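Chemist: So that we are looking at the same thing, I have put the structure below in structure tokens.
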Amino acid sequence: MTIVITCFRDAIHVDKFGNRYRAKTTCIIKQTPFAERYYLTNGMQVSKSTCLEKIK
């Protein structure tokens, strides 16, 4: 099963480990039980650090 999450700029996202992140830009997160993939709105796959920054 795939979960699709849209994060808008400055939104707060909590991953499956409980870590909190702030979205740098609008991005789409596709979660499966084994992986998370991050996409920009134009469909380009990017790294997690491109979309999100960790909140300490």
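We label chains A, B, ... in the order they appear in the structure tokens, count residues from 1 in each chain, and number ligands from 1 in the order shown.
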For A:Thr32, find every residue with an atom within 10 Å (counting only C-alpha atoms), except residues of its own chain fewer than 2 positions away, and show them as an NGL selection string.
Modeler: :A and (1-4 or 29-30 or 34-37)
Chemist: Please dump the current selection as an mmCIF file, in the first residue's frame; keep all heavy atoms.
Modeler:
data_model
loop_
_atom_site.group_PDB
_atom_site.id
_atom_site.type_symbol
_atom_site.label_atom_id
_atom_site.label_comp_id
_atom_site.auth_asym_id
_atom_site.auth_seq_id
_atom_site.Cartn_x
_atom_site.Cartn_y
_atom_site.Cartn_z
ATOM 1 N N MET A 1 0.840 -1.175 0.000
ATOM 2 C CA MET A 1 0.000 0.000 0.000
ATOM 3 C C MET A 1 0.888 1.242 0.000
ATOM 4 O O MET A 1 1.879 1.307 0.710
ATOM 5 C CB MET A 1 -0.879 0.009 1.249
ATOM 6 C CG MET A 1 -1.831 1.173 1.271
ATOM 7 S SD MET A 1 -3.026 1.058 2.613
ATOM 8 C CE MET A 1 -2.110 1.795 3.919
ATOM 9 N N THR A 2 0.523 2.232 -0.793
ATOM 10 C CA THR A 2 1.278 3.474 -0.897
ATOM 11 C C THR A 2 0.460 4.621 -0.324
ATOM 12 O O THR A 2 -0.716 4.764 -0.633
ATOM 13 C CB THR A 2 1.623 3.782 -2.373
ATOM 14 O OG1 THR A 2 2.387 2.694 -2.899
ATOM 15 C CG2 THR A 2 2.419 5.052 -2.482
ATOM 16 N N ILE A 3 1.106 5.425 0.507
ATOM 17 C CA ILE A 3 0.487 6.626 1.065
ATOM 18 C C ILE A 3 1.113 7.820 0.382
ATOM 19 O O ILE A 3 2.339 7.924 0.312
ATOM 20 C CB ILE A 3 0.704 6.704 2.583
ATOM 21 C CG1 ILE A 3 0.085 5.485 3.269
ATOM 22 C CG2 ILE A 3 0.130 7.999 3.152
ATOM 23 C CD1 ILE A 3 0.456 5.349 4.727
ATOM 24 N N VAL A 4 0.291 8.711 -0.125
ATOM 25 C CA VAL A 4 0.779 9.912 -0.811
ATOM 26 C C VAL A 4 0.469 11.121 0.064
ATOM 27 O O VAL A 4 -0.677 11.330 0.460
ATOM 28 C CB VAL A 4 0.131 10.069 -2.202
ATOM 29 C CG1 VAL A 4 0.628 11.331 -2.881
ATOM 30 C CG2 VAL A 4 0.416 8.848 -3.055
ATOM 31 N N ILE A 29 5.341 13.343 -1.020
ATOM 32 C CA ILE A 29 6.029 12.220 -0.395
ATOM 33 C C ILE A 29 5.204 10.967 -0.648
ATOM 34 O O ILE A 29 4.004 10.938 -0.374
ATOM 35 C CB ILE A 29 6.182 12.437 1.120
ATOM 36 C CG1 ILE A 29 6.910 13.741 1.397
ATOM 37 C CG2 ILE A 29 6.901 11.264 1.758
ATOM 38 C CD1 ILE A 29 6.871 14.165 2.841
ATOM 39 N N LYS A 30 5.849 9.943 -1.198
ATOM 40 C CA LYS A 30 5.186 8.655 -1.396
ATOM 41 C C LYS A 30 5.810 7.669 -0.422
ATOM 42 O O LYS A 30 6.999 7.381 -0.498
ATOM 43 C CB LYS A 30 5.363 8.167 -2.833
ATOM 44 C CG LYS A 30 4.602 9.007 -3.830
ATOM 45 C CD LYS A 30 4.683 8.434 -5.220
ATOM 46 C CE LYS A 30 3.905 9.289 -6.198
ATOM 47 N NZ LYS A 30 3.991 8.773 -7.570
ATOM 48 N N PHE A 34 8.420 0.087 3.123
ATOM 49 C CA PHE A 34 9.870 -0.088 3.104
ATOM 50 C C PHE A 34 10.646 1.145 2.674
ATOM 51 O O PHE A 34 11.855 1.192 2.846
ATOM 52 C CB PHE A 34 10.234 -1.249 2.162
ATOM 53 C CG PHE A 34 9.494 -2.501 2.491
ATOM 54 C CD1 PHE A 34 8.469 -2.950 1.683
ATOM 55 C CD2 PHE A 34 9.804 -3.225 3.625
ATOM 56 C CE1 PHE A 34 7.771 -4.108 1.982
ATOM 57 C CE2 PHE A 34 9.112 -4.388 3.944
ATOM 58 C CZ PHE A 34 8.094 -4.825 3.115
ATOM 59 N N ALA A 35 9.991 2.158 2.102
ATOM 60 C CA ALA A 35 10.730 3.302 1.565
ATOM 61 C C ALA A 35 9.864 4.552 1.535
ATOM 62 O O ALA A 35 8.635 4.489 1.556
ATOM 63 C CB ALA A 35 11.213 2.986 0.147
ATOM 64 N N GLU A 36 10.546 5.692 1.500
ATOM 65 C CA GLU A 36 9.900 6.978 1.274
ATOM 66 C C GLU A 36 10.581 7.614 0.070
ATOM 67 O O GLU A 36 11.806 7.642 -0.010
ATOM 68 C CB GLU A 36 10.073 7.913 2.478
ATOM 69 C CG GLU A 36 9.269 7.543 3.677
ATOM 70 C CD GLU A 36 9.407 8.550 4.795
ATOM 71 O OE1 GLU A 36 10.393 9.307 4.824
ATOM 72 O OE2 GLU A 36 8.528 8.588 5.646
ATOM 73 N N ARG A 37 9.788 8.127 -0.853
ATOM 74 C CA ARG A 37 10.336 8.814 -2.026
ATOM 75 C C ARG A 37 9.789 10.233 -2.049
ATOM 76 O O ARG A 37 8.638 10.468 -1.699
ATOM 77 C CB ARG A 37 9.965 8.058 -3.296
ATOM 78 C CG ARG A 37 10.674 6.733 -3.374
ATOM 79 C CD ARG A 37 10.480 6.074 -4.721
ATOM 80 N NE ARG A 37 11.236 4.841 -4.803
ATOM 81 C CZ ARG A 37 10.792 3.664 -4.364
ATOM 82 N NH1 ARG A 37 9.604 3.564 -3.828
ATOM 83 N NH2 ARG A 37 11.549 2.597 -4.473
#
Chemist: Show which residues sit within 12 Å of A:Ala11, as a compact mmCIF listing (two decimals) with all heavy atoms, in the first residue's frame. Count only C-alpha atoms, and ignore same-chain residues fewer than 3 positions away.
Modeler:
# COMPACT_ATOMS: atom_id res chain seq x y z
N ILE A 5 1.50 11.90 0.37
CA ILE A 5 1.37 13.08 1.23
C ILE A 5 1.88 14.29 0.46
O ILE A 5 2.95 14.24 -0.13
CB ILE A 5 2.20 12.92 2.52
CG1 ILE A 5 1.76 11.67 3.28
CG2 ILE A 5 2.09 14.16 3.39
CD1 ILE A 5 2.71 11.27 4.38
N THR A 6 1.12 15.36 0.47
CA THR A 6 1.56 16.62 -0.12
C THR A 6 1.93 17.57 1.00
O THR A 6 1.12 17.84 1.88
CB THR A 6 0.46 17.24 -0.99
OG1 THR A 6 0.10 16.31 -2.00
CG2 THR A 6 0.95 18.51 -1.66
N CYS A 7 3.17 18.05 0.98
CA CYS A 7 3.64 19.01 1.98
C CYS A 7 3.84 20.35 1.30
O CYS A 7 4.62 20.45 0.35
CB CYS A 7 4.95 18.56 2.60
SG CYS A 7 4.80 17.19 3.72
N PHE A 8 3.15 21.36 1.79
CA PHE A 8 3.32 22.70 1.26
C PHE A 8 4.45 23.41 2.00
O PHE A 8 4.84 23.00 3.09
CB PHE A 8 2.01 23.48 1.36
CG PHE A 8 0.92 22.90 0.52
CD1 PHE A 8 -0.06 22.09 1.08
CD2 PHE A 8 0.89 23.14 -0.84
CE1 PHE A 8 -1.05 21.54 0.30
CE2 PHE A 8 -0.11 22.59 -1.63
CZ PHE A 8 -1.08 21.79 -1.06
N VAL A 14 5.99 14.81 10.21
CA VAL A 14 6.59 13.88 11.17
C VAL A 14 6.73 12.54 10.47
O VAL A 14 5.76 11.99 9.97
CB VAL A 14 5.70 13.74 12.43
CG1 VAL A 14 6.33 12.77 13.41
CG2 VAL A 14 5.48 15.10 13.06
N ARG A 20 10.72 15.36 13.45
CA ARG A 20 9.94 16.46 12.87
C ARG A 20 10.77 17.19 11.83
O ARG A 20 11.96 17.47 12.03
CB ARG A 20 9.52 17.42 13.97
CG ARG A 20 8.56 16.78 14.94
CD ARG A 20 8.21 17.69 16.08
NE ARG A 20 7.62 18.91 15.52
CZ ARG A 20 7.34 19.98 16.24
NH1 ARG A 20 7.60 19.99 17.53
NH2 ARG A 20 6.80 21.04 15.68
N TYR A 21 10.12 17.52 10.71
CA TYR A 21 10.77 18.23 9.61
C TYR A 21 9.89 19.38 9.15
O TYR A 21 8.67 19.33 9.27
CB TYR A 21 10.99 17.28 8.41
CG TYR A 21 11.96 16.15 8.71
CD1 TYR A 21 11.51 14.94 9.21
CD2 TYR A 21 13.31 16.31 8.49
CE1 TYR A 21 12.39 13.92 9.49
CE2 TYR A 21 14.21 15.29 8.75
CZ TYR A 21 13.74 14.10 9.25
OH TYR A 21 14.62 13.09 9.53
N ARG A 22 10.53 20.43 8.61
CA ARG A 22 9.81 21.55 8.01
C ARG A 22 10.06 21.51 6.51
O ARG A 22 11.20 21.33 6.07
CB ARG A 22 10.31 22.89 8.57
CG ARG A 22 9.52 24.08 8.07
CD ARG A 22 10.04 25.38 8.63
NE ARG A 22 11.36 25.71 8.11
CZ ARG A 22 11.58 26.29 6.93
NH1 ARG A 22 10.59 26.61 6.15
NH2 ARG A 22 12.81 26.55 6.54
N ALA A 23 9.00 21.68 5.74
CA ALA A 23 9.12 21.63 4.28
C ALA A 23 9.76 22.91 3.76
O ALA A 23 9.31 24.01 4.08
CB ALA A 23 7.76 21.43 3.65
N LYS A 24 10.83 22.77 2.98
CA LYS A 24 11.48 23.91 2.36
C LYS A 24 10.69 24.41 1.16
O LYS A 24 10.69 25.58 0.85
CB LYS A 24 12.89 23.55 1.87
CG LYS A 24 13.87 23.21 2.96
CD LYS A 24 15.20 22.89 2.30
CE LYS A 24 16.23 22.44 3.28
NZ LYS A 24 17.49 22.08 2.60
N THR A 25 10.05 23.48 0.48
CA THR A 25 9.29 23.78 -0.73
C THR A 25 8.10 22.84 -0.80
O THR A 25 8.02 21.90 -0.01
CB THR A 25 10.19 23.63 -1.97
OG1 THR A 25 9.45 23.99 -3.12
CG2 THR A 25 10.69 22.21 -2.14
N THR A 26 7.20 23.07 -1.70
CA THR A 26 6.07 22.16 -1.88
C THR A 26 6.59 20.86 -2.50
O THR A 26 7.27 20.88 -3.52
CB THR A 26 5.01 22.80 -2.80
OG1 THR A 26 4.56 24.01 -2.19
CG2 THR A 26 3.83 21.87 -2.99
N CYS A 27 6.31 19.76 -1.85
CA CYS A 27 6.78 18.47 -2.34
C CYS A 27 5.75 17.39 -2.08
O CYS A 27 4.81 17.58 -1.30
CB CYS A 27 8.12 18.10 -1.71
SG CYS A 27 8.06 17.87 0.06
N CYS A 51 13.82 18.61 0.04
CA CYS A 51 12.44 18.97 0.39
C CYS A 51 12.27 19.40 1.83
O CYS A 51 11.49 20.29 2.12
CB CYS A 51 11.51 17.79 0.15
SG CYS A 51 11.34 17.31 -1.53
N LEU A 52 12.98 18.73 2.74
CA LEU A 52 12.70 18.90 4.16
C LEU A 52 13.97 19.26 4.93
O LEU A 52 15.06 18.82 4.58
CB LEU A 52 12.14 17.60 4.75
CG LEU A 52 10.91 17.02 4.09
CD1 LEU A 52 10.63 15.63 4.66
CD2 LEU A 52 9.71 17.91 4.27
N GLU A 53 13.81 20.06 6.00
CA GLU A 53 14.91 20.30 6.92
C GLU A 53 14.47 19.91 8.32
O GLU A 53 13.32 20.16 8.71
CB GLU A 53 15.38 21.75 6.88
CG GLU A 53 14.39 22.77 7.35
CD GLU A 53 14.93 24.19 7.24
OE1 GLU A 53 16.10 24.36 6.87
OE2 GLU A 53 14.16 25.10 7.52
N LYS A 54 15.36 19.28 9.06
CA LYS A 54 15.03 18.74 10.38
C LYS A 54 14.86 19.88 11.39
O LYS A 54 15.62 20.83 11.40
CB LYS A 54 16.11 17.78 10.84
CG LYS A 54 15.73 16.98 12.06
CD LYS A 54 16.67 15.84 12.29
CE LYS A 54 16.16 15.01 13.44
NZ LYS A 54 16.94 13.82 13.64
N ILE A 55 13.86 19.74 12.25
CA ILE A 55 13.63 20.68 13.34
C ILE A 55 14.26 20.09 14.58
O ILE A 55 14.01 18.94 14.94
CB ILE A 55 12.12 20.89 13.57
CG1 ILE A 55 11.48 21.49 12.33
CG2 ILE A 55 11.89 21.79 14.78
CD1 ILE A 55 9.98 21.58 12.43
Chemist: For the helix (DSSP H, G or I) assignment from backbone DSSP, which residues of chain A qualify? Please present them as JSON, numbers by chain.
Modeler: {"A": [48, 49, 50, 51]}
Chemist: In chain A, what's strand (DSSP E) per DSSP? Answer as a ChimeraX atom specification?
Modeler: /A:3-7,12-14,20-23,27-31,36-40,45-46,52-54
Chemist: Can you tell me how far atom CA of A:Thr50 sits from atom CA of A:Asp10, in Å to one decimal?
Modeler: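 Going from atom CA of A:Thr50 over to atom CA of A:Asp10 covers 13.3 Å.
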Chemist: For atom CA of A:Met44 and atom CA of A:Ile28, determine how far apart the two atoms are, in Å to one decimal place.
Modeler: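 Between atom CA of A:Met44 and atom CA of A:Ile28 the gap is 10.0 Å.
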Chemist: Rounded to one decimal in Å, what is the spacing between atom CA of A:Lys48 and atom CA of A:Asp15?
Modeler: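 Straight-line distance from atom CA of A:Lys48 to atom CA of A:Asp15 works out to 11.2 Å.
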